[in-house]
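Q: Would you mind keeping the following structure in view while I ask a few things?
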Amino acid sequence: MNSLPPVKIKRPASVLVRDFFEHNQEDLKLRMVGTDDGLSRRILEPSVNRPGLALSGFFTYFAYKRVQVIGNSELSFLGGLKPELARQRFSQLCSQDIPCIVLARGRMIPQDLIEIANEAGITVMQTSMITMKFINQATIKLDYHFAPMTLIHACLVDVQGIGVLVQGDSGTGKSEAVIGLLQRGCSLVADDVVRLRLIEERDVVGSAPETTQNMIEIRGLGILNVAALFGVGAVRLTKRVDLVVRLRAGIETSELERVGMGERKVPLMGIDTPTVEIPVAPGRDVASLIELAALNYKLKAFGYNSAVDFDQRLLKKMADRQLG
Amino acid sequence: MQKDFVIQNKMGMHARPAAQFVKCASRFKCDIWVEKDEEPVNGKSIMGLMMLAAGRGETISITTEGEDEEQAMAELEALVTSGFGDSE
C-alpha cells in the first residue's frame, strides 16, 4: 500500500461547550436554562468539578477548567446562605473563567443566580440525571471528546457486530464492496474518510466526519445517501474497529495468506489490530470475502481457529499412522 | 512538494469544485494530500475533500509526492487559483 497518508494524530487541548452540549444533549439529558452566550467557551480538562468548596468561599486550587456540576448538597448549601451572600459567592464562581454550569437532578437555582451567570456569559444547563450518574456519564463523554484522533482514508462498516475498516488505494473498489455489504444487511459508519479516536489507550473507535455522515460515493453514480436508500438500519454513528481488511490489486499469490494459522496485525493509532489482505481481481466477490473475514474473526475471538483445527487433524492422523 | 493556497471562489470548495479537483488529481500517478486545520485527506477522494469544507478565504495545503508531482501541482494550482471556474 503506497498511499497511506501522513497520519497526524491530533490531541484536542479543549472542547467547545457547544460541542459538548450538542453531542450529548440526549444521552446526558441536558437542556439549557440560561444564556447560550457561553457555548463558545471551552472546557479545558476532561473532567467535572463540584464547586462546593468554592461556594463556601475557598477558591485556592479551584478546578475552573472543568464542567461545574451543582448537585443537591451545593444547592442546599446555597439555600442556607443569606441571599446576598449566595449571590456574592455565585458571582465569584462565575468570574473564575469556568466553561459552564450543570444543575443535576432537574433542580433549579433562583432566577437572580441565573441572571448572574447570564451576565458573566456562562451557560447554565440542567440535567434530569442524578448527580453521580451524570458525573460518571459526563466523564466518559468528555474522555471521548478529548481522545487523540486522526483521519484515515478508508471505509468503516459494521459487519454482524464486527467493526471492519476497509483500506485500499484509490480505485480498488472499497465503496463498491461496502455497497455489497449493505445489501447483505451490514451498516455503514463512514465512507472513504474515517475519523478514528483512541479511547482509553485501548479501543480505536471510528465515526464519519459530520459532513459525510450517511453518504457514500460510488464511481459512475455519484454521492448516495445510504440511510435514504437502505433505511436507517443501514447506518450507524460510531463503531469500534476490530479488524482491518486491506484490499490489494495486482499482487502475487505468493504474498498471500493460504492457511491462516497465525494472526496478522497492523498498528492502528498504536494499537495492534488484526488484519487480512484480500486480493482484488475481476470476478471476485469482494463483499462476501469481507463478510467471511469478519465472521472468521468472530470465530477466532470465540476461541476457534479453523486452520489450527485442520492442522491438528493432520498431525493426529500422522501420529496414529506411526503408532499403528 | 507542498504549497499553500487560499480558496478564492465565493462558494468555497463545494461539490462541483471538489469533483473537479478529484478528477484532475486522479489523472496523476503521484500521491496527493490536501490538508486543512492539520487534517490531511486524500486528494483523489471526493468525500475527503468535501469533508474539509474549505470555505472562501480559508487556506488549504496541497502535497504531491511521486513521479509526476510537479505537473500535478501545476494543474491543481491552476484549478484552485482560477476559483474552479466559478463565476465569482
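Residue numbering restarts at 1 for every chain of the C-alpha cells, chains are lettered A, B, ... in their displayed order, and ligands are numbered from 1 as they appear.
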Enumerate as a PyMOL selection string the residues belonging to chain B that approach chain A to within 12 Å, with only C-alpha atoms taken into account.

A: chain B and resi 14-16+19+22-23+25-54+63-66

Q: Determine, counting only C-alpha atoms, which protein, DNA and RNA residues have an atom within 8 Å of an atom of Glu200 in chain A; residues of the same chain fewer than 3 positions away are not included. Present the result as a PDB file with N, CA, C and O atoms, in the first residue's frame.

A:
```
ATOM      1  N   ASP A 143     -14.060  12.123  27.961  1.00  0.00           N
ATOM      2  CA  ASP A 143     -12.917  11.320  27.521  1.00  0.00           C
ATOM      3  C   ASP A 143     -12.944  11.147  26.012  1.00  0.00           C
ATOM      4  O   ASP A 143     -11.915  11.196  25.348  1.00  0.00           O
ATOM      5  N   ALA A 147     -10.203  12.577  23.361  1.00  0.00           N
ATOM      6  CA  ALA A 147      -9.373  11.464  22.894  1.00  0.00           C
ATOM      7  C   ALA A 147      -8.513  11.883  21.706  1.00  0.00           C
ATOM      8  O   ALA A 147      -8.958  12.677  20.877  1.00  0.00           O
ATOM      9  N   ASP A 203      -9.118   1.147  22.824  1.00  0.00           N
ATOM     10  CA  ASP A 203     -10.032   0.923  21.705  1.00  0.00           C
ATOM     11  C   ASP A 203      -9.898   2.019  20.661  1.00  0.00           C
ATOM     12  O   ASP A 203      -9.823   3.196  21.004  1.00  0.00           O
TER      13      ASP A 203
END
```

Q: Quick one: everything within 9 Å of Asp36 in chain A, counting only C-alpha atoms, minus sequence neighbours fewer than 6 positions away in the same chain. Send it as a list in words.

A: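 Once the adjacent positions are removed, what remains is Arg18, Asn118, Gly121, Ile122, Thr123 and Val124 of chain A.
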
Q: Generate a file of the selected residues that holds all heavy atoms, formatted as a PDB file, in the first residue's frame.

A:
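This went into selection_2.pdb:
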```
ATOM      1  N   ARG A  18     -20.268  24.204  23.261  1.00  0.00           N
ATOM      2  CA  ARG A  18     -21.295  23.923  22.252  1.00  0.00           C
ATOM      3  C   ARG A  18     -21.232  22.466  21.789  1.00  0.00           C
ATOM      4  O   ARG A  18     -22.252  21.782  21.714  1.00  0.00           O
ATOM      5  CB  ARG A  18     -21.112  24.847  21.045  1.00  0.00           C
ATOM      6  CG  ARG A  18     -22.121  24.633  19.914  1.00  0.00           C
ATOM      7  CD  ARG A  18     -21.808  25.483  18.688  1.00  0.00           C
ATOM      8  NE  ARG A  18     -21.669  26.897  19.015  1.00  0.00           N
ATOM      9  CZ  ARG A  18     -22.688  27.708  19.249  1.00  0.00           C
ATOM     10  NH1 ARG A  18     -23.917  27.263  19.162  1.00  0.00           N
ATOM     11  NH2 ARG A  18     -22.482  28.971  19.561  1.00  0.00           N
ATOM     12  N   ASN A 118     -25.770  34.503  33.360  1.00  0.00           N
ATOM     13  CA  ASN A 118     -26.029  35.073  32.031  1.00  0.00           C
ATOM     14  C   ASN A 118     -25.148  36.284  31.774  1.00  0.00           C
ATOM     15  O   ASN A 118     -24.556  36.426  30.698  1.00  0.00           O
ATOM     16  CB  ASN A 118     -27.494  35.503  31.909  1.00  0.00           C
ATOM     17  CG  ASN A 118     -28.417  34.296  31.771  1.00  0.00           C
ATOM     18  OD1 ASN A 118     -27.948  33.165  31.651  1.00  0.00           O
ATOM     19  ND2 ASN A 118     -29.724  34.541  31.824  1.00  0.00           N
ATOM     20  N   GLY A 121     -21.761  35.555  30.975  1.00  0.00           N
ATOM     21  CA  GLY A 121     -21.616  34.816  29.718  1.00  0.00           C
ATOM     22  C   GLY A 121     -21.316  33.352  29.954  1.00  0.00           C
ATOM     23  O   GLY A 121     -20.568  32.725  29.197  1.00  0.00           O
ATOM     24  N   ILE A 122     -21.908  32.800  31.013  1.00  0.00           N
ATOM     25  CA  ILE A 122     -21.688  31.377  31.299  1.00  0.00           C
ATOM     26  C   ILE A 122     -23.013  30.643  31.165  1.00  0.00           C
ATOM     27  O   ILE A 122     -24.029  31.054  31.751  1.00  0.00           O
ATOM     28  CB  ILE A 122     -21.090  31.194  32.702  1.00  0.00           C
ATOM     29  CG1 ILE A 122     -19.638  31.678  32.670  1.00  0.00           C
ATOM     30  CG2 ILE A 122     -21.161  29.738  33.147  1.00  0.00           C
ATOM     31  CD1 ILE A 122     -19.034  31.873  34.005  1.00  0.00           C
ATOM     32  N   THR A 123     -23.003  29.593  30.369  1.00  0.00           N
ATOM     33  CA  THR A 123     -24.231  28.849  30.108  1.00  0.00           C
ATOM     34  C   THR A 123     -24.554  27.937  31.282  1.00  0.00           C
ATOM     35  O   THR A 123     -23.697  27.193  31.754  1.00  0.00           O
ATOM     36  CB  THR A 123     -24.082  28.029  28.822  1.00  0.00           C
ATOM     37  OG1 THR A 123     -23.885  28.930  27.736  1.00  0.00           O
ATOM     38  CG2 THR A 123     -25.331  27.191  28.544  1.00  0.00           C
ATOM     39  N   VAL A 124     -25.798  28.037  31.744  1.00  0.00           N
ATOM     40  CA  VAL A 124     -26.266  27.127  32.785  1.00  0.00           C
ATOM     41  C   VAL A 124     -27.162  26.089  32.113  1.00  0.00           C
ATOM     42  O   VAL A 124     -28.058  26.427  31.345  1.00  0.00           O
ATOM     43  CB  VAL A 124     -27.057  27.869  33.887  1.00  0.00           C
ATOM     44  CG1 VAL A 124     -27.508  26.895  34.965  1.00  0.00           C
ATOM     45  CG2 VAL A 124     -26.212  28.979  34.489  1.00  0.00           C
TER      46      VAL A 124
END
```

Q: Using only C-alpha atoms for the distances, tell me which of B:Phe84, B:Asp68, B:Cys24, B:Ala74 is nearest to Lys10 in chain B.

A: B:Phe84

Q: Would you please give, as a PyMOL selection string, all residues of range 83-224 of chain A that DSSP assigns to helix (DSSP H, G or I) based on the backbone?

A: chain A and resi 83-94+111-120+131-146+174-183+210-212

Q: Run DSSP on the backbone of this structure and report the residues of range 91-196 of chain A it assigns to strand (DSSP E or B), as a PyMOL selection string.

A: chain A and resi 100-103+123-127+149-152+155-159+162-167+187-190+194-196

Q: What would the file look like if the residues just selected were written as a compact mmCIF listing (two decimals), in the first residue's frame with N, CA, C and O atoms?

A:
```
# COMPACT_ATOMS: atom_id res chain seq x y z
N CYS A 100 -18.83 26.00 31.97
CA CYS A 100 -20.29 26.01 32.07
C CYS A 100 -20.71 25.41 33.41
O CYS A 100 -19.90 24.85 34.14
N ILE A 101 -22.00 25.56 33.70
CA ILE A 101 -22.53 25.03 34.96
C ILE A 101 -23.65 24.06 34.63
O ILE A 101 -24.49 24.33 33.76
N VAL A 102 -23.66 22.91 35.29
CA VAL A 102 -24.74 21.94 35.09
C VAL A 102 -25.44 21.70 36.41
O VAL A 102 -24.81 21.41 37.43
N LEU A 103 -26.76 21.86 36.39
CA LEU A 103 -27.57 21.58 37.57
C LEU A 103 -28.09 20.15 37.45
O LEU A 103 -28.73 19.81 36.46
N THR A 123 -23.00 29.59 30.37
CA THR A 123 -24.23 28.85 30.11
C THR A 123 -24.55 27.94 31.28
O THR A 123 -23.70 27.19 31.75
N VAL A 124 -25.80 28.04 31.74
CA VAL A 124 -26.27 27.13 32.78
C VAL A 124 -27.16 26.09 32.11
O VAL A 124 -28.06 26.43 31.35
N MET A 125 -26.87 24.81 32.39
CA MET A 125 -27.70 23.73 31.84
C MET A 125 -28.26 22.92 32.98
O MET A 125 -27.80 23.02 34.12
N GLN A 126 -29.26 22.13 32.62
CA GLN A 126 -29.89 21.30 33.62
C GLN A 126 -29.91 19.89 33.08
O GLN A 126 -30.13 19.67 31.89
N THR A 127 -29.66 18.91 33.95
CA THR A 127 -29.82 17.52 33.54
C THR A 127 -30.81 16.87 34.48
O THR A 127 -30.85 17.18 35.68
N MET A 149 -7.15 11.91 18.10
CA MET A 149 -7.88 11.49 16.91
C MET A 149 -7.09 11.73 15.64
O MET A 149 -6.13 12.49 15.60
N THR A 150 -7.53 11.04 14.61
CA THR A 150 -6.87 11.19 13.32
C THR A 150 -7.89 10.91 12.22
O THR A 150 -8.97 10.38 12.49
N LEU A 151 -7.54 11.29 11.00
CA LEU A 151 -8.39 10.97 9.87
C LEU A 151 -7.69 9.91 9.05
O LEU A 151 -6.47 9.95 8.89
N ILE A 152 -8.44 8.97 8.51
CA ILE A 152 -7.80 7.93 7.73
C ILE A 152 -8.62 7.69 6.46
O ILE A 152 -9.84 7.83 6.47
N CYS A 155 -12.89 2.90 4.61
CA CYS A 155 -14.32 2.84 4.89
C CYS A 155 -14.49 2.05 6.19
O CYS A 155 -13.71 1.14 6.45
N LEU A 156 -15.51 2.37 6.94
CA LEU A 156 -15.78 1.61 8.16
C LEU A 156 -17.20 1.06 8.11
O LEU A 156 -18.15 1.81 7.90
N VAL A 157 -17.30 -0.26 8.30
CA VAL A 157 -18.59 -0.93 8.21
C VAL A 157 -18.78 -1.83 9.43
O VAL A 157 -17.81 -2.40 9.94
N ASP A 158 -20.01 -1.94 9.87
CA ASP A 158 -20.34 -2.89 10.93
C ASP A 158 -20.85 -4.16 10.26
O ASP A 158 -21.92 -4.17 9.65
N VAL A 159 -20.04 -5.21 10.33
CA VAL A 159 -20.42 -6.48 9.71
C VAL A 159 -20.80 -7.45 10.82
O VAL A 159 -19.94 -7.96 11.52
N ILE A 162 -19.11 -6.83 13.97
CA ILE A 162 -17.66 -6.65 13.91
C ILE A 162 -17.37 -5.35 13.15
O ILE A 162 -17.86 -5.16 12.05
N GLY A 163 -16.57 -4.49 13.75
CA GLY A 163 -16.19 -3.24 13.08
C GLY A 163 -15.07 -3.50 12.09
O GLY A 163 -13.96 -3.83 12.50
N VAL A 164 -15.36 -3.39 10.81
CA VAL A 164 -14.35 -3.69 9.78
C VAL A 164 -13.92 -2.41 9.08
O VAL A 164 -14.74 -1.70 8.49
N LEU A 165 -12.63 -2.11 9.17
CA LEU A 165 -12.07 -0.96 8.48
C LEU A 165 -11.52 -1.46 7.15
O LEU A 165 -10.63 -2.30 7.12
N VAL A 166 -12.09 -0.95 6.04
CA VAL A 166 -11.66 -1.41 4.72
C VAL A 166 -10.70 -0.38 4.14
O VAL A 166 -11.06 0.77 3.90
N GLN A 167 -9.45 -0.81 3.94
CA GLN A 167 -8.45 0.08 3.37
C GLN A 167 -8.08 -0.38 1.98
O GLN A 167 -8.27 -1.55 1.64
N SER A 187 -24.06 -2.43 8.21
CA SER A 187 -24.32 -0.99 8.25
C SER A 187 -23.05 -0.16 8.09
O SER A 187 -21.97 -0.55 8.52
N LEU A 188 -23.26 1.00 7.47
CA LEU A 188 -22.15 1.90 7.14
C LEU A 188 -21.88 2.86 8.29
O LEU A 188 -22.80 3.44 8.85
N VAL A 189 -20.61 3.01 8.64
CA VAL A 189 -20.24 4.05 9.59
C VAL A 189 -19.67 5.23 8.82
O VAL A 189 -20.10 6.37 8.99
N ALA A 190 -18.69 4.96 7.95
CA ALA A 190 -18.08 6.06 7.20
C ALA A 190 -17.52 5.55 5.89
O ALA A 190 -16.97 4.46 5.82
N VAL A 194 -12.52 8.29 7.47
CA VAL A 194 -12.97 7.85 8.80
C VAL A 194 -12.22 8.64 9.86
O VAL A 194 -11.01 8.80 9.79
N ARG A 195 -12.96 9.16 10.82
CA ARG A 195 -12.32 9.79 11.95
C ARG A 195 -12.12 8.73 13.02
O ARG A 195 -13.08 8.08 13.44
N LEU A 196 -10.87 8.51 13.40
CA LEU A 196 -10.58 7.50 14.42
C LEU A 196 -10.22 8.19 15.72
O LEU A 196 -9.51 9.19 15.72
```

Q: State, in Å with one decimal place, the distance from CA of Leu299 in chain A to CA of Val276 in chain A.

A: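 Computed distance, CA of Leu299 in chain A to CA of Val276 in chain A, equals 14.6 Å.
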
Q: Could you give me, as a VMD selection string, the residues within 9 Å of Arg66 in chain A, counting only C-alpha atoms and dropping anything in the same chain fewer than 5 positions from it?

A: chain A and resid 43 to 49 98 to 100

Q: Next, write the just-selected residues to a file, as a PDB file, in the first residue's frame, keeping N, CA and C atoms as the atom set.

A:
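Generated file (again.pdb):
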```
ATOM      1  N   ILE A  43     -14.047  23.894  27.451  1.00  0.00           N
ATOM      2  CA  ILE A  43     -13.743  23.001  28.568  1.00  0.00           C
ATOM      3  C   ILE A  43     -12.271  22.629  28.403  1.00  0.00           C
ATOM      4  N   LEU A  44     -11.476  22.812  29.437  1.00  0.00           N
ATOM      5  CA  LEU A  44     -10.023  22.626  29.281  1.00  0.00           C
ATOM      6  C   LEU A  44      -9.515  21.320  29.884  1.00  0.00           C
ATOM      7  N   GLU A  45     -10.372  20.641  30.635  1.00  0.00           N
ATOM      8  CA  GLU A  45      -9.965  19.355  31.215  1.00  0.00           C
ATOM      9  C   GLU A  45     -11.103  18.365  31.108  1.00  0.00           C
ATOM     10  N   PRO A  46     -10.771  17.097  30.776  1.00  0.00           N
ATOM     11  CA  PRO A  46     -11.837  16.103  30.569  1.00  0.00           C
ATOM     12  C   PRO A  46     -12.396  15.591  31.885  1.00  0.00           C
ATOM     13  N   SER A  47     -12.943  16.472  32.652  1.00  0.00           N
ATOM     14  CA  SER A  47     -13.431  16.051  33.954  1.00  0.00           C
ATOM     15  C   SER A  47     -14.484  17.034  34.439  1.00  0.00           C
ATOM     16  N   VAL A  48     -15.130  16.692  35.548  1.00  0.00           N
ATOM     17  CA  VAL A  48     -16.114  17.606  36.125  1.00  0.00           C
ATOM     18  C   VAL A  48     -15.654  17.991  37.530  1.00  0.00           C
ATOM     19  N   ASN A  49     -16.234  19.060  38.038  1.00  0.00           N
ATOM     20  CA  ASN A  49     -15.887  19.512  39.380  1.00  0.00           C
ATOM     21  C   ASN A  49     -17.163  19.885  40.122  1.00  0.00           C
ATOM     22  N   ILE A  98     -14.876  29.673  34.259  1.00  0.00           N
ATOM     23  CA  ILE A  98     -15.336  28.283  34.159  1.00  0.00           C
ATOM     24  C   ILE A  98     -16.030  28.072  32.816  1.00  0.00           C
ATOM     25  N   PRO A  99     -16.055  26.824  32.281  1.00  0.00           N
ATOM     26  CA  PRO A  99     -16.692  26.614  30.974  1.00  0.00           C
ATOM     27  C   PRO A  99     -18.219  26.701  31.032  1.00  0.00           C
ATOM     28  N   CYS A 100     -18.834  26.004  31.974  1.00  0.00           N
ATOM     29  CA  CYS A 100     -20.294  26.008  32.071  1.00  0.00           C
ATOM     30  C   CYS A 100     -20.714  25.415  33.412  1.00  0.00           C
TER      31      CYS A 100
END
```

Q: Pick out the residues sitting within 9 Å of Val6 in chain B, and hand them over as a list of chain:residue names; count only C-alpha atoms, and ignore anything fewer than 2 positions along from it in its own chain.

A: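 Result of the neighbour search: B:Asp4, B:Gln8, B:Arg56, B:Gly57, B:Glu58, B:Thr59, B:Ile60, B:Ser61, B:Val80, B:Thr81.
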
Q: In Å, with one decimal, what is the gap from CA of Lys300 in chain A to CA of Cys186 in chain A?

A: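 Distance between the two atoms: 20.1 Å.
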
Q: Near range 78-95 of chain A, counting only C-alpha atoms, which residues have an atom at most 7 Å away, once you skip same-chain residues fewer than 3 positions from it, shown as a PyMOL selection string?

A: chain A and resi 54-55+57+74-75+98+113+116-117+120

Q: Suppose you want the space between CA of Leu28 in chain A and CA of Lys133 in chain A; what is it in Å?

A: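 If I compute the distance from CA of Leu28 in chain A to CA of Lys133 in chain A, I get 9.3 Å.
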
Q: Point out the residue among B:Ile7, B:Met13, B:Met1, B:Ala18 with the least atom-to-atom distance to Glu70 in chain B, counting only C-alpha atoms.

A: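 So, comparing all the options, the nearest one is B:Met1.
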